[in-house]
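Containing compact mmCIF, C-alpha atoms: upload.txt.
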```txt
# COMPACT_ATOMS: atom_id res chain seq x y z
CA MET A 182 54.80 -4.70 2.50
CA THR A 183 51.00 -4.80 2.66
CA GLU A 184 48.97 -7.94 2.79
CA ARG A 185 46.54 -8.55 -0.02
CA GLU A 186 42.94 -9.11 0.88
CA THR A 187 41.74 -12.64 0.16
CA ALA A 188 38.75 -13.21 -2.07
CA ALA A 189 36.77 -14.54 0.88
CA ALA A 190 37.54 -11.44 2.95
CA ALA A 191 36.62 -9.14 0.07
CA ARG A 192 33.37 -10.98 -0.45
CA ALA A 193 32.56 -10.82 3.26
CA ARG A 194 33.24 -7.06 3.23
CA VAL A 195 30.97 -6.51 0.22
CA GLU A 196 28.21 -8.67 1.69
CA ALA A 197 28.42 -6.81 5.01
CA ARG A 198 28.12 -3.46 3.20
CA ARG A 199 25.17 -4.78 1.16
CA ASP A 200 23.42 -5.99 4.31
CA ARG A 201 24.07 -2.65 6.05
CA ASP A 202 22.74 -0.71 3.04
CA ARG A 203 19.65 -2.93 2.88
CA ALA A 204 18.98 -2.46 6.59
CA GLU A 205 19.34 1.33 6.23
CA ARG A 206 16.99 1.35 3.22
CA ASP A 207 14.43 -0.81 5.04
CA ALA A 208 14.61 1.55 8.03
CA ARG A 209 14.03 4.56 5.73
CA PHE A 210 11.00 2.81 4.20
CA ALA A 211 9.63 1.86 7.62
CA GLU A 212 9.97 5.47 8.78
CA ALA A 213 8.53 6.99 5.61
CA PHE A 214 5.62 4.56 5.30
CA ARG A 215 4.73 3.83 8.93
CA ASP A 216 1.09 4.77 8.20
CA GLY A 217 0.96 2.58 5.10
CA VAL A 218 2.32 2.77 1.59
CA PRO A 219 0.58 5.51 -0.42
CA GLY A 220 -0.23 5.51 -4.11
CA SER A 221 -1.94 2.13 -4.37
CA TRP A 222 -4.14 3.56 -7.14
CA ILE A 223 -0.99 4.04 -9.24
CA VAL A 224 -0.01 0.39 -8.79
CA ARG A 225 -3.55 -0.78 -9.61
CA SER A 226 -3.67 1.47 -12.69
CA SER A 227 -0.36 0.09 -13.93
CA VAL A 228 -1.48 -3.50 -13.52
CA ALA A 229 -4.85 -2.76 -15.16
CA SER A 230 -3.16 -1.07 -18.13
CA SER A 231 -0.95 -4.13 -18.55
CA VAL A 232 -3.96 -6.45 -18.53
CA VAL A 233 -5.79 -4.36 -21.14
CA LEU A 234 -2.70 -4.16 -23.34
CA THR A 235 -2.16 -7.91 -23.05
CA VAL A 236 -5.76 -8.73 -24.00
CA VAL A 237 -5.85 -6.45 -27.06
CA THR A 238 -2.40 -7.60 -28.20
CA VAL A 239 -3.33 -11.28 -27.99
CA LEU A 240 -6.61 -10.67 -29.80
CA ALA A 241 -4.92 -8.60 -32.52
CA ALA A 242 -2.19 -11.19 -33.01
CA ALA A 243 -4.73 -14.02 -33.25
CA TRP A 244 -7.42 -12.24 -35.29
CA PRO A 245 -5.84 -9.19 -36.93
CA ASP A 246 -8.76 -8.51 -39.27
CA SER A 247 -11.13 -8.03 -36.34
CA PHE A 248 -8.93 -6.60 -33.60
CA ILE A 249 -6.10 -4.59 -35.17
CA ARG A 250 -8.02 -1.30 -34.93
CA PRO A 251 -8.88 -1.64 -31.22
CA PHE A 252 -5.29 -2.69 -30.58
CA PHE A 253 -3.96 0.34 -32.43
CA VAL A 254 -6.24 2.69 -30.49
CA VAL A 255 -5.16 1.21 -27.15
CA ALA A 256 -1.47 1.31 -28.12
CA LEU A 257 -1.78 4.92 -29.26
CA VAL A 258 -3.64 5.99 -26.11
CA TRP A 259 -1.12 4.17 -23.90
CA PHE A 260 1.77 5.89 -25.70
CA VAL A 261 0.24 9.37 -25.48
CA ALA A 262 -0.80 8.86 -21.85
CA GLY A 263 2.71 7.60 -21.05
CA CYS A 264 4.23 10.71 -22.64
CA ALA A 265 1.89 12.91 -20.59
CA LEU A 266 2.84 11.01 -17.43
CA PHE A 267 6.52 11.58 -18.24
CA VAL A 268 5.92 15.33 -18.27
CA VAL A 269 4.12 15.13 -14.93
CA ASP A 270 6.85 12.87 -13.50
CA ILE A 271 9.61 15.28 -14.47
CA LEU A 272 7.76 18.33 -13.15
CA VAL A 273 6.94 16.72 -9.80
CA ALA A 274 10.47 15.30 -9.46
CA ALA A 275 11.97 18.70 -10.30
CA GLY A 276 9.94 20.23 -7.49
CA ARG A 277 11.13 17.59 -5.05
CA SER A 278 14.74 17.90 -6.21
CA ARG A 279 15.10 21.13 -4.22
CA SER A 280 15.21 19.09 -1.03
CA VAL A 281 16.14 15.55 -2.10
CA ASP A 282 18.51 13.98 -4.62
CA VAL A 283 16.25 12.42 -7.23
CA GLY A 284 18.12 10.04 -9.52
CA LEU A 285 16.77 8.64 -12.78
CA GLY A 286 17.23 5.04 -11.61
CA GLY A 287 15.18 5.75 -8.51
CA LEU A 288 12.63 7.79 -10.42
CA PHE A 289 11.80 5.50 -13.32
CA PHE A 290 13.10 2.10 -12.18
CA LEU A 291 12.37 2.55 -8.44
CA ALA A 292 15.96 1.67 -7.51
CA GLY A 293 16.18 2.27 -3.77
CA SER A 294 13.20 4.63 -3.78
CA ALA A 295 10.26 2.25 -3.39
CA PRO A 296 9.53 -0.62 -1.02
CA PRO A 297 9.19 -4.10 -2.54
CA SER A 298 5.39 -3.97 -2.15
CA VAL A 299 5.38 -1.19 -4.77
CA ARG A 300 8.54 -1.89 -6.76
CA VAL A 301 7.71 -5.50 -7.62
CA PRO A 302 4.21 -5.00 -9.08
CA LEU A 303 5.14 -1.78 -10.92
CA LEU A 304 8.25 -3.26 -12.52
CA ALA A 305 6.49 -6.58 -13.22
CA SER A 306 3.75 -4.63 -14.96
CA LEU A 307 6.32 -2.74 -17.05
CA VAL A 308 8.16 -5.95 -17.97
CA ALA A 309 4.87 -7.66 -18.87
CA GLN A 310 3.96 -4.79 -21.19
CA VAL A 311 7.34 -4.96 -22.93
CA VAL A 312 7.26 -8.75 -23.33
CA VAL A 313 3.69 -8.81 -24.62
CA VAL A 314 4.11 -6.10 -27.26
CA VAL A 315 7.47 -7.39 -28.45
CA ALA A 316 5.98 -10.89 -28.78
CA GLY A 317 3.00 -9.45 -30.66
CA ALA A 318 5.28 -7.53 -33.01
CA ALA A 319 7.40 -10.64 -33.55
CA ILE A 320 4.35 -12.76 -34.38
CA ARG A 321 3.04 -10.23 -36.91
CA PRO A 322 5.93 -8.08 -38.08
CA PHE A 323 5.34 -5.17 -40.47
CA THR A 324 1.80 -4.66 -39.16
CA PRO A 325 0.36 -2.15 -36.69
CA LEU A 326 1.37 -4.60 -33.95
CA ALA A 327 4.87 -3.17 -34.33
CA PHE A 328 3.53 0.21 -33.20
CA GLY A 329 2.58 -1.47 -29.94
CA THR A 330 6.21 -1.46 -28.88
CA LEU A 331 5.68 2.20 -27.91
CA ALA A 332 2.84 1.39 -25.50
CA PRO A 333 5.08 0.41 -22.52
CA VAL A 334 5.92 4.10 -22.14
CA LEU A 335 2.79 4.10 -19.98
CA GLY A 336 4.21 1.44 -17.64
CA LEU A 337 7.40 3.47 -17.24
CA GLY A 338 5.30 6.58 -16.64
CA TRP A 339 3.40 4.85 -13.81
CA CYS A 340 6.73 3.93 -12.16
CA GLY A 341 7.89 7.52 -12.45
CA LEU A 342 4.64 8.91 -11.10
CA TRP A 343 4.79 6.76 -7.98
CA ALA A 344 8.44 7.61 -7.33
CA ALA A 345 8.01 11.32 -8.05
CA ARG A 346 5.10 11.60 -5.64
CA HIS A 347 5.97 9.08 -2.94
CA GLY A 348 9.51 7.77 -3.49
CA VAL A 349 12.11 7.90 -0.73
CA PHE A 350 15.24 9.72 -1.86
CA PRO A 351 18.28 10.85 0.12
CA GLU A 352 18.31 14.40 1.44
CA ARG A 353 20.11 16.90 -0.78
CA ARG A 354 23.55 17.80 0.51
CA SER A 355 24.48 21.44 0.68
CA THR A 356 27.19 22.31 -1.82
CA GLY A 357 28.19 25.46 0.06
CA GLY A 358 28.09 27.44 -3.18
CA ALA A 359 26.05 30.45 -4.19
```

Can you turn what I pasted into structure tokens?
Amino acid sequence: MTERETAAAARARVEARRDRDRAERDARFAEAFRDGVPGSWIVRSSVASSVVLTVVTVLAAAWPDSFIRPFFVVALVWFVAGCALFVVDILVAAGRSRSVDVGLGGLFFLAGSAPPSVRVPLLASLVAQVVVVVAGAAIRPFTPLAFGTLAPVLGLGWCGLWAARHGVFPERRSTGGA
């Protein structure tokens, strides 16, 4: 007869594994970025694009007659630029995938692939873009503000670009096949 693990013991085991995984990830980041974290221009660009999108969305929601056209232009450019970044992200990640295991969560949502100094501002920028455009579309439904919900593709593209170029991914394991 085997003894069942108590809830406290199971929780302690899970917390110990989490702490070990976090320490290993922090060690990988420290090794990979000992000379500093690269790609700060990507983070700055993401934050700047969020600020611009926020300003034009607020102006278009408050004064649609005056600012709906500039908003639409910005939203369209952000969407097209985000789509272009996606293509670049996938191509760069595909090149890196020969030597490392690139996962979609790590590539576009920076899960385990970016240090907090990069992950937090990039994801906060993405979340801000989503919240702002959804709020704008909710304030003025059935107007061009609804098109703005496509603009956060740019924020996701910035996340992918940083991870594809600089993200830390586990080494690819040999499958032993052909």

Tell me which of A:Gly317, A:Pro219, A:Pro302, A:Gly263 sits closest to Trp339 in chain A, counting all atoms listed in the file. A:Gly263

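Across the structure, CA of Val273 in chain A and CA of Val334 in chain A are spaced 17.7 Å apart.
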
Determine, counting only C-alpha atoms, every residue of protein, DNA or RNA that lies within 8 Å of (1.6, 1.9, -27.6) in the file coordinates, then give the result as a ChimeraX atom specification. /A:253,255-261,328-334

Record the distance separating CA of Ala211 in chain A and CA of Pro296 in chain A, expressed in Å with one decimal. 9.0 Å

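Of the listed residues A:Arg209, A:Leu326, A:Asp270, A:Gly276, the one whose atoms come nearest to Leu240 in chain A is A:Leu326, with distances taken using all atoms listed in the file.
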
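Going from CA of Glu196 in chain A over to CA of Arg353 in chain A, you cover 26.9 Å.
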
Shortest contact to Ala327 in chain A, candidates A:Val349, A:Val301, A:Leu285, A:Ala242, atoms counted all atoms listed in the file, goes to A:Ala242

Range 194-268 of chain A near range 341-345 of chain A within 10 Å: what's each residue's closest atom pair and its distance in Å to one decimal, counting all atoms listed in the file, ordered by chain then ascending residue number, as a Markdown table?
```
| residue | atom | partner | partner_atom | distance |
| --- | --- | --- | --- | --- |
| A:Pro219 | CA | A:Trp343 | CA | 8.7 |
| A:Gly220 | CA | A:Trp343 | CA | 6.5 |
| A:Ser221 | CA | A:Trp343 | CA | 8.9 |
| A:Trp222 | CA | A:Trp343 | CA | 9.5 |
| A:Ile223 | CA | A:Trp343 | CA | 6.5 |
| A:Val224 | CA | A:Trp343 | CA | 8.0 |
| A:Leu266 | CA | A:Leu342 | CA | 6.9 |
| A:Phe267 | CA | A:Gly341 | CA | 7.2 |
| A:Val268 | CA | A:Leu342 | CA | 9.7 |
```

Written selection (C-alpha atoms) as a PDB file, in the frame of the given file:
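Contents of the output file again-v9.pdb:
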```pdb
ATOM      1  CA  PRO A 219       0.580   5.510  -0.420  1.00  0.00           C
ATOM      2  CA  GLY A 220      -0.230   5.510  -4.110  1.00  0.00           C
ATOM      3  CA  SER A 221      -1.940   2.130  -4.370  1.00  0.00           C
ATOM      4  CA  TRP A 222      -4.140   3.560  -7.140  1.00  0.00           C
ATOM      5  CA  ILE A 223      -0.990   4.040  -9.240  1.00  0.00           C
ATOM      6  CA  VAL A 224      -0.010   0.390  -8.790  1.00  0.00           C
ATOM      7  CA  LEU A 266       2.840  11.010 -17.430  1.00  0.00           C
ATOM      8  CA  PHE A 267       6.520  11.580 -18.240  1.00  0.00           C
ATOM      9  CA  VAL A 268       5.920  15.330 -18.270  1.00  0.00           C
TER      10      VAL A 268
END
```

With all atoms of range 182-197 of chain A from the file as input, state the centre and edge lengths in Å to one decimal of the axis-aligned box that has 6 Å extra on each side, as AutoDock Vina command-line options.
```
--center_x 41.5 --center_y -9.6 --center_z 1.5 --size_x 38.6 --size_y 21.8 --size_z 19.1
```

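Minimum distance to Ser226 in chain A across A:Val281, A:Leu303, A:Ala309, A:Ala191 (counting all atoms listed in the file) occurs at A:Leu303.
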
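With distances restricted to all atoms listed in the file, A:Val312 is the closest residue to Thr238 in chain A from A:Ala295, A:Ala275, A:Val312, A:Ala262.
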